[in-house]
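J.: Submitted below is the structure of interest, expressed as structure tokens.
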Amino acid sequence: RELPSFLRKAEANSWTYQEFLHTLLTYEEKRREEKMIEKHLKWAKFPYEKTLDEFELGEQPSLSIRQLKQLRELSWLDQAYNLIFLGPPGVGKTHLAIGLGLEAIQQGQRVSFISMGELVPLLKTEEYIRKAQLRLKRIRDADLVIIDDLMYMAMDQHEANLFFQLVNHLYERSSIILTSNKGPEEW
């Protein structure tokens, strides 16, 4: 699509073949990266996009600037470590998780965001519904899985078993970020 524009520029600026080819390939590489990011953003299924730059660190006394910078480096993602963000509603757990997810996508990682309320029905219908199978495949293939509002709703034994199987599958393959309003003692 852009070839005629590049040809005009090359002719007007007397580019060599090498200059023309370099410019064209650089453009193509940039477009491929942009398309990959667009695809990964679509697959992530974020409910909204809020970056870490928009995160109000001053309103979150339990997180220091240094800790946020360390999280932003994503070294924990390379090591397949998991994060758990706990706290009452409105303190920015989901915002922080989405911000880290966006940073990961910018670095070429595959991210999948899902709320616990969406995840349980998917797990229960995976054997029967193709859409559930596809969504869970993307979750299992992701480098980072964000599960929002863990324990928002009570799970029966079957649901807990399905959830455990998913987490077990992701173990050491992907990093997981869990957000919850309840502490582990209430899980």
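Ligands are numbered from 1 in the order shown, residues from 1 within each chain, and chains are lettered A, B, ... in the order they appear in the structure tokens.
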Run DSSP on the backbone and tell me which residues of region 2-119 of chain A come out as strand (DSSP E); list them as number ranges by chain.
T.: A: 83-86, 111-115
J.: May I have all residues of region 7-102 of chain A that DSSP, computed from the backbone, assigns to helix (DSSP H, G or I), given as an MDAnalysis selection string?
T.: chainID A and resid 7:12 17:44 52:54 57:59 65:73 75:78 93:102
J.: Could you work out how far CA of Glu126 (chain A) lies from CA of Asp156 (chain A), giving the answer in Å with one decimal?
T.: 17.0 Å
J.: Between CA of Leu134 (chain A) and CA of Thr94 (chain A), what is the distance in Å, rounded to a tenth?
T.: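 Here the two named atoms are 24.0 Å from each other.
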J.: Give me the residues of region 86-159 of chain A that have any atom at most 12 Å from an atom of region 10-33 of chain A; for each, the nearest atom pair and the distance in Å, rounded to one decimal. Use only C-alpha atoms, sort by chain and number, and format it as a tab-separated table.
T.:
residue	atom	partner	partner_atom	distance
A:Ile105	CA	A:Glu33	CA	10.6
A:Gln106	CA	A:Glu33	CA	9.2
A:Gln107	CA	A:Glu33	CA	10.0
A:Gly108	CA	A:Glu33	CA	8.4
A:Gln109	CA	A:Glu33	CA	11.8
J.: Convert the current residue selection to file output with all heavy atoms, as a PDB file, in the first residue's frame.
T.:
ATOM      1  N   ILE A 105       2.718  -6.750  26.710  1.00  0.00           N
ATOM      2  CA  ILE A 105       2.358  -6.793  25.286  1.00  0.00           C
ATOM      3  C   ILE A 105       3.324  -5.936  24.475  1.00  0.00           C
ATOM      4  O   ILE A 105       3.752  -6.340  23.388  1.00  0.00           O
ATOM      5  CB  ILE A 105       0.892  -6.347  25.082  1.00  0.00           C
ATOM      6  CG1 ILE A 105      -0.045  -7.458  25.566  1.00  0.00           C
ATOM      7  CG2 ILE A 105       0.622  -6.012  23.608  1.00  0.00           C
ATOM      8  CD1 ILE A 105      -1.511  -7.087  25.564  1.00  0.00           C
ATOM      9  N   GLN A 106       3.690  -4.771  24.985  1.00  0.00           N
ATOM     10  CA  GLN A 106       4.638  -3.906  24.275  1.00  0.00           C
ATOM     11  C   GLN A 106       5.991  -4.594  24.097  1.00  0.00           C
ATOM     12  O   GLN A 106       6.730  -4.280  23.176  1.00  0.00           O
ATOM     13  CB  GLN A 106       4.817  -2.570  25.017  1.00  0.00           C
ATOM     14  CG  GLN A 106       3.592  -1.691  25.006  1.00  0.00           C
ATOM     15  CD  GLN A 106       3.176  -1.263  23.609  1.00  0.00           C
ATOM     16  OE1 GLN A 106       4.000  -0.965  22.758  1.00  0.00           O
ATOM     17  NE2 GLN A 106       1.878  -1.230  23.379  1.00  0.00           N
ATOM     18  N   GLN A 107       6.294  -5.540  24.987  1.00  0.00           N
ATOM     19  CA  GLN A 107       7.559  -6.278  24.880  1.00  0.00           C
ATOM     20  C   GLN A 107       7.395  -7.600  24.136  1.00  0.00           C
ATOM     21  O   GLN A 107       8.267  -8.457  24.166  1.00  0.00           O
ATOM     22  CB  GLN A 107       8.143  -6.519  26.276  1.00  0.00           C
ATOM     23  CG  GLN A 107       8.618  -5.238  26.929  1.00  0.00           C
ATOM     24  CD  GLN A 107       9.381  -5.491  28.219  1.00  0.00           C
ATOM     25  OE1 GLN A 107       9.816  -6.598  28.499  1.00  0.00           O
ATOM     26  NE2 GLN A 107       9.548  -4.452  29.005  1.00  0.00           N
ATOM     27  N   GLY A 108       6.240  -7.781  23.471  1.00  0.00           N
ATOM     28  CA  GLY A 108       6.038  -8.951  22.624  1.00  0.00           C
ATOM     29  C   GLY A 108       5.460 -10.172  23.319  1.00  0.00           C
ATOM     30  O   GLY A 108       5.412 -11.247  22.735  1.00  0.00           O
ATOM     31  N   GLN A 109       5.017 -10.013  24.558  1.00  0.00           N
ATOM     32  CA  GLN A 109       4.451 -11.140  25.298  1.00  0.00           C
ATOM     33  C   GLN A 109       2.960 -11.299  24.986  1.00  0.00           C
ATOM     34  O   GLN A 109       2.280 -10.330  24.679  1.00  0.00           O
ATOM     35  CB  GLN A 109       4.622 -10.919  26.814  1.00  0.00           C
ATOM     36  CG  GLN A 109       6.045 -10.697  27.251  1.00  0.00           C
ATOM     37  CD  GLN A 109       6.899 -11.949  27.179  1.00  0.00           C
ATOM     38  OE1 GLN A 109       6.401 -13.053  27.317  1.00  0.00           O
ATOM     39  NE2 GLN A 109       8.182 -11.769  26.943  1.00  0.00           N
TER      40      GLN A 109
END
J.: Would you mind telling me which residue in A:Asp149, A:Arg173, A:Asp78, A:Gly99 lies nearest to Leu119 (chain A) when using only C-alpha atoms?
T.: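 Closest candidate: A:Asp149.
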